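Next comes target.cif, with mmCIF, C-alpha atoms.
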```
data_final
#
loop_
_atom_site.label_atom_id
_atom_site.label_comp_id
_atom_site.auth_asym_id
_atom_site.auth_seq_id
_atom_site.Cartn_x
_atom_site.Cartn_y
_atom_site.Cartn_z
CA MET C 1 24.92 -13.19 -8.59
CA SER C 2 22.30 -10.89 -10.09
CA ALA C 3 19.97 -9.13 -7.67
CA MET C 4 17.09 -10.31 -9.82
CA SER C 5 17.76 -14.03 -10.34
CA ASP C 6 15.34 -16.53 -11.85
CA GLY C 7 14.11 -17.13 -8.29
CA GLY C 8 13.49 -13.41 -7.94
CA LYS C 9 11.51 -13.35 -11.17
CA ARG C 10 9.37 -16.25 -10.00
CA ALA C 11 8.84 -14.56 -6.64
CA GLY C 12 7.91 -11.33 -8.40
CA LEU C 13 5.39 -13.13 -10.58
CA LEU C 14 3.91 -14.93 -7.56
CA VAL C 15 3.52 -11.71 -5.59
CA LEU C 16 2.14 -9.84 -8.61
CA ILE C 17 -0.48 -12.56 -9.22
CA ALA C 18 -1.37 -12.54 -5.52
CA SER C 19 -1.64 -8.75 -5.59
CA PHE C 20 -4.05 -8.80 -8.53
CA ALA C 21 -6.01 -11.60 -6.83
CA GLY C 22 -6.18 -9.52 -3.67
CA HIS C 23 -7.39 -6.51 -5.61
CA GLY C 24 -9.92 -8.67 -7.36
CA GLY C 25 -11.15 -9.70 -3.91
CA ASN C 26 -11.27 -6.09 -2.79
CA TYR C 27 -13.15 -5.13 -5.94
CA LEU C 28 -15.71 -7.83 -5.15
CA PHE C 29 -15.86 -6.55 -1.58
CA TYR C 30 -16.78 -3.07 -2.81
CA VAL C 31 -19.26 -4.46 -5.33
CA LEU C 32 -21.04 -6.42 -2.62
CA ALA C 33 -20.88 -3.48 -0.22
CA ALA C 34 -22.41 -1.15 -2.82
CA ARG C 35 -25.22 -3.63 -3.37
CA LEU C 36 -25.83 -4.47 0.29
CA VAL C 37 -25.90 -0.93 1.75
CA SER C 38 -29.11 1.06 1.59
CA THR C 39 -27.70 4.22 -0.08
CA PRO C 40 -24.62 5.33 -2.09
CA ALA C 41 -23.79 7.59 0.88
CA ASP C 42 -23.26 4.49 3.03
CA PHE C 43 -20.92 3.07 0.39
CA ALA C 44 -18.92 6.32 0.39
CA ALA C 45 -18.74 6.10 4.20
CA ILE C 46 -17.27 2.57 4.02
CA SER C 47 -14.72 3.79 1.48
CA ALA C 48 -13.76 6.66 3.78
CA LEU C 49 -13.22 4.29 6.72
CA ILE C 50 -10.93 2.14 4.60
CA ALA C 51 -9.04 5.27 3.52
CA VAL C 52 -8.51 6.16 7.20
CA GLY C 53 -7.01 2.71 7.66
CA THR C 54 -4.79 3.05 4.60
CA ILE C 55 -3.36 6.37 5.78
CA THR C 56 -2.83 4.99 9.30
CA TRP C 57 -0.97 1.97 7.96
CA MET C 58 1.54 3.94 5.94
CA PRO C 59 3.74 4.85 8.92
CA VAL C 60 3.40 1.21 9.95
CA ASN C 61 4.38 0.26 6.41
CA GLY C 62 7.53 2.22 7.18
CA VAL C 63 8.14 -0.20 10.04
CA GLN C 64 7.25 -3.09 7.73
CA MET C 65 9.79 -1.95 5.14
CA SER C 66 12.45 -1.39 7.80
CA VAL C 67 11.78 -4.87 9.19
CA THR C 68 12.04 -6.31 5.66
CA ARG C 69 15.32 -4.53 5.01
CA ASN C 70 16.82 -5.39 8.41
CA VAL C 71 15.76 -9.06 8.31
CA ALA C 72 17.25 -9.37 4.81
CA VAL C 73 20.51 -7.78 6.01
CA LEU C 74 20.67 -9.99 9.14
CA ARG C 75 20.12 -13.10 7.04
CA THR C 76 22.99 -11.95 4.81
CA SER C 77 25.57 -10.83 7.37
CA GLY C 78 24.14 -11.50 10.85
CA THR C 79 23.59 -14.52 13.08
CA PRO C 80 20.43 -16.49 13.98
CA GLY C 81 20.70 -15.09 17.53
CA GLU C 82 20.75 -11.51 16.26
CA LEU C 83 17.78 -12.18 13.99
CA SER C 84 15.90 -13.76 16.90
CA ALA C 85 16.64 -10.79 19.16
CA TYR C 86 15.55 -8.35 16.47
CA LEU C 87 12.26 -10.13 15.77
CA ARG C 88 11.42 -10.34 19.49
CA GLN C 89 12.26 -6.66 19.96
CA GLN C 90 10.04 -5.61 17.05
CA GLY C 91 7.24 -7.90 18.22
CA ARG C 92 7.14 -6.24 21.65
CA ARG C 93 7.25 -2.75 20.21
CA MET C 94 4.58 -3.38 17.61
CA GLY C 95 2.26 -5.06 20.12
CA VAL C 96 2.25 -1.87 22.17
CA ALA C 97 2.00 0.33 19.07
CA CYS C 98 -1.03 -1.58 17.73
CA LEU C 99 -2.87 -1.13 21.03
CA VAL C 100 -2.08 2.60 21.08
CA ILE C 101 -3.19 3.08 17.45
CA ALA C 102 -6.50 1.32 18.08
CA ALA C 103 -7.12 3.31 21.27
CA VAL C 104 -6.37 6.67 19.64
CA ILE C 105 -8.66 6.07 16.64
CA ALA C 106 -11.44 4.79 18.92
CA GLY C 107 -11.04 7.89 21.09
CA LEU C 108 -11.41 10.10 18.01
CA SER C 109 -14.47 8.20 16.76
CA PRO C 110 -17.03 10.96 17.53
CA VAL C 111 -14.96 13.55 15.64
CA LEU C 112 -14.24 11.26 12.68
CA ALA C 113 -17.87 10.16 12.46
CA ASP C 114 -18.97 13.78 12.28
CA ARG C 115 -16.37 15.06 9.81
CA LEU C 116 -16.73 12.09 7.45
CA HIS C 117 -20.55 12.05 7.58
CA LEU C 118 -20.69 8.53 9.05
CA GLY C 119 -23.70 9.09 11.29
CA SER C 120 -22.52 6.96 14.23
CA PRO C 121 -19.16 6.44 16.02
CA GLN C 122 -19.67 2.66 16.16
CA PRO C 123 -18.19 1.88 12.70
CA VAL C 124 -15.16 3.99 13.58
CA VAL C 125 -14.59 2.02 16.81
CA LEU C 126 -14.75 -1.23 14.86
CA ALA C 127 -12.43 0.26 12.24
CA ALA C 128 -10.00 1.13 15.05
CA LEU C 129 -9.84 -2.53 16.09
CA TRP C 130 -9.39 -3.67 12.49
CA ILE C 131 -6.67 -1.07 11.81
CA GLY C 132 -4.73 -2.00 14.95
CA MET C 133 -4.80 -5.72 14.12
CA THR C 134 -3.84 -5.08 10.51
CA CYS C 135 -0.79 -3.11 11.67
CA MET C 136 0.52 -6.30 13.28
CA LEU C 137 -0.33 -8.31 10.15
CA LEU C 138 1.66 -5.88 7.99
CA VAL C 139 4.75 -6.16 10.19
CA LEU C 140 4.52 -9.96 10.16
CA THR C 141 4.31 -9.74 6.37
CA GLY C 142 7.44 -7.58 6.41
CA ALA C 143 9.31 -10.20 8.43
CA THR C 144 8.37 -13.03 6.03
CA GLN C 145 9.23 -10.71 3.14
CA GLY C 146 12.72 -10.17 4.58
CA MET C 147 13.12 -13.94 4.99
CA GLU C 148 12.07 -14.25 1.31
CA ARG C 149 9.16 -16.49 2.28
CA PHE C 150 7.14 -15.07 -0.57
CA GLY C 151 4.49 -17.77 -0.36
CA TYR C 152 3.40 -16.26 2.96
CA VAL C 153 3.62 -12.76 1.46
CA ALA C 154 1.39 -13.89 -1.41
CA PHE C 155 -1.10 -15.39 1.06
CA ALA C 156 -1.28 -12.11 3.00
CA LEU C 157 -1.95 -10.11 -0.16
CA ALA C 158 -4.47 -12.49 -1.69
CA GLY C 159 -6.19 -13.71 1.50
CA PRO C 160 -6.71 -11.48 4.57
CA LEU C 161 -5.93 -8.33 2.58
CA GLY C 162 -8.08 -9.44 -0.35
CA ALA C 163 -10.30 -12.44 -1.12
CA LEU C 164 -11.31 -13.33 2.44
CA ARG C 165 -13.08 -10.00 2.87
CA PRO C 166 -15.89 -10.50 0.33
CA LEU C 167 -16.37 -14.08 1.50
CA LEU C 168 -17.17 -12.84 5.00
CA LEU C 169 -18.96 -9.61 4.05
CA PRO C 170 -22.55 -10.76 3.22
CA LEU C 171 -23.13 -12.61 6.49
CA CYS C 172 -21.49 -9.83 8.52
CA MET C 173 -23.58 -7.10 6.88
CA LEU C 174 -26.72 -9.19 7.25
CA ALA C 175 -26.01 -9.37 10.98
CA ALA C 176 -24.72 -5.84 11.63
CA GLY C 177 -25.66 -3.56 8.73
CA MET C 178 -23.02 -1.08 7.55
CA SER C 179 -20.87 -1.92 10.61
CA GLY C 180 -20.71 -5.46 9.25
CA SER C 181 -18.20 -4.24 6.67
CA MET C 182 -15.74 -3.65 9.50
CA TRP C 183 -16.56 -7.00 11.12
CA ALA C 184 -15.67 -8.72 7.83
CA MET C 185 -12.34 -6.89 7.83
CA ILE C 186 -11.67 -7.90 11.45
CA LEU C 187 -12.40 -11.59 10.88
CA ALA C 188 -10.26 -11.71 7.71
CA THR C 189 -7.37 -10.12 9.63
CA VAL C 190 -7.69 -12.65 12.48
CA ILE C 191 -7.31 -15.47 9.95
CA GLY C 192 -4.26 -13.72 8.51
CA LEU C 193 -2.62 -13.38 11.92
CA VAL C 194 -3.16 -17.08 12.68
CA VAL C 195 -1.37 -18.05 9.45
CA MET C 196 1.42 -15.43 9.53
CA PHE C 197 2.59 -15.82 13.14
CA PRO C 198 4.15 -19.34 12.92
CA PRO C 199 7.01 -18.66 10.42
CA VAL C 200 8.05 -15.55 12.35
CA VAL C 201 7.87 -17.37 15.68
CA ARG C 202 10.09 -20.14 14.26
CA ALA C 203 12.66 -17.56 13.11
CA ALA C 204 12.64 -16.06 16.63
CA LYS C 205 13.22 -19.43 18.38
CA PRO C 206 17.07 -19.39 18.52
CA THR C 207 18.52 -18.00 21.73
CA PRO C 208 18.56 -14.24 21.28
CA THR C 209 21.80 -12.28 21.49
CA THR C 210 22.07 -8.53 21.03
CA PRO C 211 19.63 -6.90 18.60
CA PRO C 212 21.24 -4.75 15.91
CA ALA C 213 21.57 -1.01 16.34
CA ALA C 214 18.50 1.02 15.43
CA THR C 215 18.26 2.01 11.77
CA ASN C 216 16.42 4.92 10.18
CA THR C 217 12.98 3.45 10.87
CA LEU C 218 11.54 6.84 11.83
CA ALA C 219 12.67 8.37 8.53
CA THR C 220 11.11 5.46 6.66
CA MET C 221 7.84 5.96 8.53
CA VAL C 222 7.82 9.68 7.64
CA GLY C 223 8.47 8.90 3.96
CA LEU C 224 5.68 6.32 3.87
CA LEU C 225 3.27 8.68 5.62
CA ALA C 226 4.02 11.34 3.00
CA PHE C 227 3.42 8.84 0.20
CA SER C 228 0.21 7.69 1.85
CA SER C 229 -1.00 11.26 2.03
CA LEU C 230 -0.24 11.73 -1.67
CA THR C 231 -2.26 8.69 -2.68
CA ASN C 232 -5.11 8.57 -0.14
CA VAL C 233 -5.96 12.00 1.22
CA ASP C 234 -7.89 12.77 -1.98
CA LEU C 235 -10.61 10.33 -0.93
CA LEU C 236 -10.91 11.90 2.51
CA VAL C 237 -11.05 15.40 1.01
CA GLY C 238 -13.70 14.19 -1.41
CA GLN C 239 -15.75 12.67 1.40
CA ALA C 240 -15.49 15.84 3.48
CA MET C 241 -15.84 18.52 0.76
CA LEU C 242 -17.76 17.17 -2.24
CA ALA C 243 -21.51 17.26 -2.61
CA GLU C 244 -23.22 14.05 -1.49
CA ALA C 245 -23.84 12.77 -5.04
CA ASP C 246 -20.22 13.41 -6.04
CA ARG C 247 -18.85 11.54 -2.99
CA ALA C 248 -20.16 8.21 -4.25
CA VAL C 249 -19.03 9.00 -7.81
CA TYR C 250 -15.47 9.70 -6.67
CA ALA C 251 -15.41 6.70 -4.31
CA GLY C 252 -16.40 4.48 -7.23
CA ALA C 253 -13.67 5.96 -9.42
CA VAL C 254 -11.06 5.49 -6.70
CA LEU C 255 -12.00 1.84 -6.28
CA LEU C 256 -10.97 0.99 -9.85
CA GLY C 257 -8.54 3.80 -10.69
CA LYS C 258 -6.20 3.02 -7.82
CA VAL C 259 -5.76 -0.58 -8.95
CA ALA C 260 -3.11 1.00 -11.21
CA LEU C 261 -1.19 1.89 -8.04
CA PHE C 262 -1.73 -0.91 -5.57
CA ALA C 263 -1.54 -3.98 -7.84
CA PRO C 264 1.76 -3.34 -9.70
CA ALA C 265 3.32 -1.68 -6.63
CA ALA C 266 3.44 -5.15 -5.07
CA LEU C 267 6.49 -5.83 -7.27
CA ALA C 268 8.46 -3.56 -4.96
CA MET C 269 7.82 -6.06 -2.15
CA VAL C 270 10.23 -8.45 -3.88
CA LEU C 271 12.65 -5.67 -4.82
CA LEU C 272 13.21 -4.35 -1.29
CA PRO C 273 14.71 -7.41 0.47
CA ARG C 274 16.75 -8.43 -2.58
CA ALA C 275 18.07 -4.91 -3.16
CA ALA C 276 18.94 -4.49 0.53
CA ALA C 277 20.78 -7.82 0.57
CA ALA C 278 22.64 -6.98 -2.65
CA LEU C 279 23.74 -3.60 -1.28
CA GLU C 280 24.87 -5.29 1.95
CA ARG C 281 27.09 -7.58 -0.15
CA GLY C 282 28.49 -4.56 -2.01
CA GLU C 283 26.67 -5.42 -5.25
CA SER C 284 24.60 -3.17 -7.48
CA ALA C 285 20.82 -3.44 -7.41
CA GLU C 286 20.16 -1.01 -10.26
CA SER C 287 19.36 -3.67 -12.85
CA ALA C 288 16.64 -5.07 -10.56
CA VAL C 289 15.30 -1.56 -9.95
CA LEU C 290 15.08 -0.84 -13.69
CA LYS C 291 13.21 -4.10 -14.34
CA THR C 292 10.81 -3.35 -11.49
CA LEU C 293 10.22 0.18 -12.79
CA ALA C 294 9.49 -1.14 -16.30
CA LEU C 295 7.10 -3.85 -15.11
CA THR C 296 5.36 -1.46 -12.71
CA GLY C 297 4.85 1.20 -15.37
CA ALA C 298 3.65 -1.34 -17.93
CA ALA C 299 1.19 -2.93 -15.51
CA GLY C 300 -0.20 0.46 -14.51
CA LEU C 301 -0.63 1.58 -18.12
CA ALA C 302 -2.35 -1.73 -18.91
CA VAL C 303 -4.83 -1.08 -16.10
CA ALA C 304 -5.44 2.46 -17.42
CA LEU C 305 -6.06 1.10 -20.93
CA VAL C 306 -8.53 -1.49 -19.67
CA LEU C 307 -10.42 1.16 -17.70
CA TRP C 308 -10.47 3.47 -20.74
CA VAL C 309 -12.06 0.88 -23.05
CA MET C 310 -14.29 -0.67 -20.37
CA PRO C 311 -17.99 -0.06 -21.16
CA THR C 312 -19.97 2.03 -18.71
CA TRP C 313 -22.42 -0.81 -18.20
CA VAL C 314 -19.75 -2.72 -16.26
CA LEU C 315 -20.05 -0.10 -13.53
CA THR C 316 -23.81 0.11 -13.63
CA VAL C 317 -24.30 -3.67 -13.60
CA THR C 318 -21.87 -4.26 -10.75
CA PHE C 319 -22.44 -1.19 -8.57
CA GLY C 320 -25.70 0.27 -9.79
CA PRO C 321 -26.85 3.14 -12.04
CA SER C 322 -25.75 5.76 -9.49
CA TYR C 323 -22.10 5.04 -10.33
CA ALA C 324 -22.21 5.53 -14.12
CA ALA C 325 -20.77 9.03 -13.72
CA SER C 326 -17.53 7.48 -12.37
CA LYS C 327 -16.57 6.06 -15.79
CA PRO C 328 -15.04 9.25 -17.36
CA LEU C 329 -12.82 9.68 -14.28
CA LEU C 330 -11.23 6.22 -14.44
CA PRO C 331 -8.51 6.59 -17.14
CA ALA C 332 -7.24 9.91 -15.78
CA LEU C 333 -7.13 8.64 -12.21
CA ALA C 334 -5.41 5.42 -13.34
CA LEU C 335 -2.70 7.40 -15.16
CA VAL C 336 -2.05 9.49 -12.05
CA MET C 337 -1.84 6.32 -9.97
CA THR C 338 0.54 4.71 -12.49
CA ALA C 339 2.88 7.64 -11.92
CA ALA C 340 2.45 7.08 -8.19
CA ALA C 341 3.33 3.37 -8.58
CA VAL C 342 6.58 4.29 -10.36
CA LEU C 343 7.30 6.84 -7.62
CA TRP C 344 6.73 4.04 -5.08
CA VAL C 345 9.49 1.93 -6.66
CA HIS C 346 11.87 4.90 -6.42
CA LEU C 347 10.92 5.37 -2.77
CA THR C 348 11.44 1.65 -2.08
CA PHE C 349 14.96 1.82 -3.54
CA ALA C 350 15.69 4.97 -1.54
CA ILE C 351 14.68 3.11 1.63
CA ALA C 352 16.90 0.17 0.70
CA ARG C 353 19.80 2.63 0.24
CA LYS C 354 18.86 4.46 3.48
CA SER C 355 18.71 7.69 1.50
CA MET C 356 17.12 10.73 3.14
CA ARG C 357 16.92 13.10 0.17
CA MET C 358 13.85 11.54 -1.43
CA ILE C 359 12.04 11.25 1.90
CA VAL C 360 12.55 14.95 2.64
CA GLY C 361 11.42 15.88 -0.87
CA LEU C 362 8.35 13.67 -0.61
CA VAL C 363 7.26 15.40 2.59
CA GLY C 364 7.44 18.73 0.74
CA VAL C 365 5.36 17.33 -2.13
CA ALA C 366 2.75 15.99 0.31
CA VAL C 367 2.41 19.43 1.89
CA ALA C 368 2.07 21.00 -1.57
CA HIS C 369 -0.64 18.43 -2.36
CA TRP C 370 -2.64 19.60 0.65
CA VAL C 371 -2.34 23.20 -0.58
CA LEU C 372 -3.54 22.17 -4.04
CA LEU C 373 -6.49 20.27 -2.59
CA ALA C 374 -7.40 23.31 -0.49
CA LEU C 375 -7.66 25.24 -3.76
CA PHE C 376 -9.16 22.54 -5.99
CA HIS C 377 -11.89 20.43 -4.38
CA GLY C 378 -15.09 21.60 -6.03
CA SER C 379 -15.51 18.50 -8.20
CA PRO C 380 -13.95 15.06 -8.67
CA TRP C 381 -12.05 16.36 -11.71
CA GLN C 382 -10.46 19.12 -9.63
CA ILE C 383 -9.31 16.62 -7.01
CA ILE C 384 -7.74 14.41 -9.71
CA LEU C 385 -6.02 17.49 -11.17
CA ALA C 386 -4.53 18.42 -7.77
CA SER C 387 -3.23 14.87 -7.28
CA GLY C 388 -1.87 14.71 -10.83
CA ILE C 389 0.09 17.94 -10.43
CA ALA C 390 1.62 16.86 -7.11
CA ILE C 391 2.49 13.27 -8.07
CA GLY C 392 3.60 14.16 -11.59
CA THR C 393 5.90 16.91 -10.32
CA ALA C 394 7.46 14.55 -7.77
CA LEU C 395 8.12 11.90 -10.42
CA VAL C 396 9.65 14.40 -12.86
CA VAL C 397 11.98 15.76 -10.16
CA VAL C 398 13.11 12.23 -9.21
CA GLU C 399 13.70 11.17 -12.80
CA ALA C 400 15.46 14.40 -13.82
CA GLY C 401 17.34 15.34 -10.66
CA SER C 402 18.13 12.12 -8.80
CA ARG C 403 21.15 9.86 -9.25
CA SER C 404 18.59 7.05 -9.22
CA GLY C 405 16.63 8.41 -12.18
CA SER C 406 15.82 5.72 -14.72
CA LEU C 407 17.96 7.14 -17.53
CA ARG C 408 21.03 7.57 -15.31
CA MET C 409 20.69 4.03 -13.96
CA LEU C 410 20.20 2.67 -17.48
CA LEU C 411 23.37 4.39 -18.71
CA ARG C 412 25.41 3.14 -15.74
CA THR C 413 24.08 -0.40 -16.15
CA GLY C 414 24.95 -0.35 -19.86
CA LYS C 415 28.49 0.86 -19.16
CA SER C 416 29.05 -1.80 -16.51
CA ARG C 417 28.06 -4.51 -18.98
CA GLN C 418 30.45 -3.14 -21.61
CA ALA C 419 33.37 -2.81 -19.20
CA PRO C 420 36.10 -5.46 -19.74
CA VAL C 421 36.44 -8.14 -17.09
CA GLY C 422 39.78 -8.47 -15.28
#
```
Please express what this file holds, its structure, as structure tokens.
Amino acid sequence: MSAMSDGGKRAGLLVLIASFAGHGGNYLFYVLAARLVSTPADFAAISALIAVGTITWMPVNGVQMSVTRNVAVLRTSGTPGELSAYLRQQGRRMGVACLVIAAVIAGLSPVLADRLHLGSPQPVVLAALWIGMTCMLLVLTGATQGMERFGYVAFALAGPLGALRPLLLPLCMLAAGMSGSMWAMILATVIGLVVMFPPVVRAAKPTPTTPPAATNTLATMVGLLAFSSLTNVDLLVGQAMLAEADRAVYAGAVLLGKVALFAPAALAMVLLPRAAAALERGESAESAVLKTLALTGAAGLAVALVLWVMPTWVLTVTFGPSYAASKPLLPALALVMTAAAVLWVHLTFAIARKSMRMIVGLVGVAVAHWVLLALFHGSPWQIILASGIAIGTALVVVEAGSRSGSLRMLLRTGKSRQAPVG
């Protein structure tokens, strides 16, 4: 059976549509936030808080991806009792981890508020609560992803991680000012948890036996943290180092430019459990990887093209005249993020194969990115250049030097199709 069956294609389309719907919701969230706050500096502060959350989640996304892979493997070759034991084990561990994450960020709130020019620690404390709760939501999403319950995955992407946020934002900001942005995030996440818990609880109902031996979850977390740094630290550096006027300009560019990363990268959510299950059965997953790479690259380039031809008035009408200067940055940033989305598919396949080489290399690239940003941070264009050099170099090395480079996989897939049967 092909790793990318008709069911897989339908699931991929469902998740891709949900991802774009979620990003549409997030776009509306930012539009409303930009209009409801008193100054562009407040909007940049909200963007920085969300970037803190995104970087914090990436190690947790490592847990999510490990849970997805392990649940898919247990459904393929394990027993209901082993799956139940594993889900209960991960639930206990993540409950403690979420509390610790929230407590640490809240404890650092005075420092973060100062360094990110937030004015008050209160939004950081609320962000800590939101980030901790979202960590649990992400792991629940990983469990449903591994069970191939992609309807729930689509709900998580389109609802609590997307469209619910702008629905709740106006009332929350009316009641609490800038801090209301975090209250909207918290309430959306609560709704997500209420919906996502039941299918996982049902899977954990059978009498538990012995949970499977620990896999390379820590390595996955390190790889995801490195990728998160590559794709999010630019916003934090911009908030900390750019002039006040440039902070809002770069935050506006990031809002649209990174759609080229986050929307098509959702395709890898379908790839991971199906590739892991195929590898567990001793089958090849390279055909599915190639299709995911092609769709991801095409979707990212389509986003870049739309942003290139989009009139400047779209920004000024939606966000305000202060954000017109973001327009020239959008195509370049979108191209860099398209490269990052393709790199994400490669990383996802490396995690499915439990390969360490790419993870180690990605850590080195993330460190090099920090060095580049230390040298180039005087303007938004310099920050984009630093990110482009780091991400582009990583992608070239993977494509040219890895056994999982696109051309090598394409040649192997072609040979396997030509080989005689029997």
If I put a ball of radius 9 Å at (1.2, -5.4, 13.0) in the file's coordinates, which residues poke into it when counting all atoms listed in the file, written as a list of chain:residue names?
C:Val60, C:Gln64, C:Gly91, C:Met94, C:Gly95, C:Ala97, C:Cys98, C:Gly132, C:Met133, C:Thr134, C:Cys135, C:Met136, C:Leu137, C:Leu138, C:Val139, C:Leu140, C:Thr141, C:Leu193
For Ile101 of chain C, the nearest of the candidates C:Ala299, C:Leu187, C:Val71, C:Val52, counting all atoms listed in the file:
C:Val52
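Minimum atom-to-atom distance to Phe197 of chain C, evaluated using only C-alpha atoms, belongs to C:Thr144 out of C:Ser326, C:Thr144, C:Ser120, C:Asn232.
Nearest to Gly146 of chain C of all the residues C:Pro199, C:Gly297, C:Pro123, C:Pro160 is C:Pro199, based on all atoms listed in the file.
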Write out as a ChimeraX atom specification each polymer residue whose atoms come within 6 Å of segment 369-380 of chain C, counting all atoms listed in the file; drop sequence neighbours fewer than 5 positions from it.
/C:250,386,390
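As for atom CA of Gln90 of chain C and atom CA of Met196 of chain C, they are spaced 15.1 Å apart.
The coordinates place atom CA of Thr189 of chain C at 27.3 Å from atom CA of Ala219 of chain C.
Restricting the calculation to only C-alpha atoms, the smallest distance between Val365 of chain C and any of C:Phe20, C:Pro311, C:Thr393, C:Met241 is found for C:Thr393.
Nearest-residue note for Val345 of chain C: choosing from C:Ala72, C:Leu301, C:Leu385, C:Leu295, the minimum distance belongs to C:Leu295, counting all atoms listed in the file.
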Given the PyMOL selection byres ((chain C and resi 179-186) around 7) and the file above, list the residues it selects as a ChimeraX atom specification.
/C:123,126-127,130,165,168-169,172-173,175-178,187-190
Dump C-alpha atoms for the selected residues as a PDB file, in the coordinates of the input?
```
ATOM      1  CA  PRO C 123     -18.190   1.880  12.700  1.00  0.00           C
ATOM      2  CA  LEU C 126     -14.750  -1.230  14.860  1.00  0.00           C
ATOM      3  CA  ALA C 127     -12.430   0.260  12.240  1.00  0.00           C
ATOM      4  CA  TRP C 130      -9.390  -3.670  12.490  1.00  0.00           C
ATOM      5  CA  ARG C 165     -13.080 -10.000   2.870  1.00  0.00           C
ATOM      6  CA  LEU C 168     -17.170 -12.840   5.000  1.00  0.00           C
ATOM      7  CA  LEU C 169     -18.960  -9.610   4.050  1.00  0.00           C
ATOM      8  CA  CYS C 172     -21.490  -9.830   8.520  1.00  0.00           C
ATOM      9  CA  MET C 173     -23.580  -7.100   6.880  1.00  0.00           C
ATOM     10  CA  ALA C 175     -26.010  -9.370  10.980  1.00  0.00           C
ATOM     11  CA  ALA C 176     -24.720  -5.840  11.630  1.00  0.00           C
ATOM     12  CA  GLY C 177     -25.660  -3.560   8.730  1.00  0.00           C
ATOM     13  CA  MET C 178     -23.020  -1.080   7.550  1.00  0.00           C
ATOM     14  CA  LEU C 187     -12.400 -11.590  10.880  1.00  0.00           C
ATOM     15  CA  ALA C 188     -10.260 -11.710   7.710  1.00  0.00           C
ATOM     16  CA  THR C 189      -7.370 -10.120   9.630  1.00  0.00           C
ATOM     17  CA  VAL C 190      -7.690 -12.650  12.480  1.00  0.00           C
TER      18      VAL C 190
END
```
Kindly give the distance, in Å, that separates atom CA of Glu82 of chain C and atom CA of Glu148 of chain C, rounded to a single decimal.
17.5 Å
Please expand the PyMOL selection byres ((chain C and resi 350-362) around 7) into the concrete residues it hits in this file, giving the result as a PyMOL selection string.
chain C and resi 69+220+223+226-227+272+275-276+346-349+363-366
C:Ser77, C:Ser287, C:Ala298, C:Thr231: which is nearest Ser387 of chain C, counting all atoms listed in the file?
C:Thr231
Enumerate, as a ChimeraX atom specification, the residues matched when the PyMOL selection byres ((chain C and resi 251) around 10) is run on the file above.
/C:30,40-41,43-48,234-236,238-239,246-250,252-257,323,326,380
Please, could N, CA, C and O atoms be added to segment 73-81 of chain C and the result written as a PDB file, in the coordinates of the input?
```pdb
ATOM      1  N   VAL C  73      19.096  -8.052   5.702  1.00  0.00           N
ATOM      2  CA  VAL C  73      20.510  -7.780   6.010  1.00  0.00           C
ATOM      3  C   VAL C  73      21.027  -8.771   7.053  1.00  0.00           C
ATOM      4  O   VAL C  73      22.137  -9.306   6.940  1.00  0.00           O
ATOM      5  N   LEU C  74      20.234  -9.056   8.103  1.00  0.00           N
ATOM      6  CA  LEU C  74      20.670  -9.990   9.140  1.00  0.00           C
ATOM      7  C   LEU C  74      20.823 -11.402   8.588  1.00  0.00           C
ATOM      8  O   LEU C  74      21.712 -12.148   9.021  1.00  0.00           O
ATOM      9  N   ARG C  75      19.967 -11.782   7.660  1.00  0.00           N
ATOM     10  CA  ARG C  75      20.120 -13.100   7.040  1.00  0.00           C
ATOM     11  C   ARG C  75      21.359 -13.157   6.165  1.00  0.00           C
ATOM     12  O   ARG C  75      21.919 -14.235   5.943  1.00  0.00           O
ATOM     13  N   THR C  76      21.807 -11.991   5.673  1.00  0.00           N
ATOM     14  CA  THR C  76      22.990 -11.950   4.810  1.00  0.00           C
ATOM     15  C   THR C  76      24.277 -11.898   5.616  1.00  0.00           C
ATOM     16  O   THR C  76      25.239 -12.600   5.310  1.00  0.00           O
ATOM     17  N   SER C  77      24.307 -11.056   6.661  1.00  0.00           N
ATOM     18  CA  SER C  77      25.570 -10.830   7.370  1.00  0.00           C
ATOM     19  C   SER C  77      25.463 -10.975   8.890  1.00  0.00           C
ATOM     20  O   SER C  77      26.435 -10.723   9.592  1.00  0.00           O
ATOM     21  N   GLY C  78      24.300 -11.357   9.419  1.00  0.00           N
ATOM     22  CA  GLY C  78      24.140 -11.500  10.850  1.00  0.00           C
ATOM     23  C   GLY C  78      24.150 -12.944  11.299  1.00  0.00           C
ATOM     24  O   GLY C  78      24.572 -13.847  10.569  1.00  0.00           O
ATOM     25  N   THR C  79      23.660 -13.177  12.518  1.00  0.00           N
ATOM     26  CA  THR C  79      23.590 -14.520  13.080  1.00  0.00           C
ATOM     27  C   THR C  79      22.140 -14.850  13.423  1.00  0.00           C
ATOM     28  O   THR C  79      21.311 -13.940  13.576  1.00  0.00           O
ATOM     29  N   PRO C  80      21.790 -16.142  13.575  1.00  0.00           N
ATOM     30  CA  PRO C  80      20.430 -16.490  13.980  1.00  0.00           C
ATOM     31  C   PRO C  80      20.038 -15.857  15.309  1.00  0.00           C
ATOM     32  O   PRO C  80      18.877 -15.482  15.495  1.00  0.00           O
ATOM     33  N   GLY C  81      20.995 -15.716  16.244  1.00  0.00           N
ATOM     34  CA  GLY C  81      20.700 -15.090  17.530  1.00  0.00           C
ATOM     35  C   GLY C  81      20.353 -13.622  17.386  1.00  0.00           C
ATOM     36  O   GLY C  81      19.452 -13.113  18.062  1.00  0.00           O
TER      37      GLY C  81
END
```
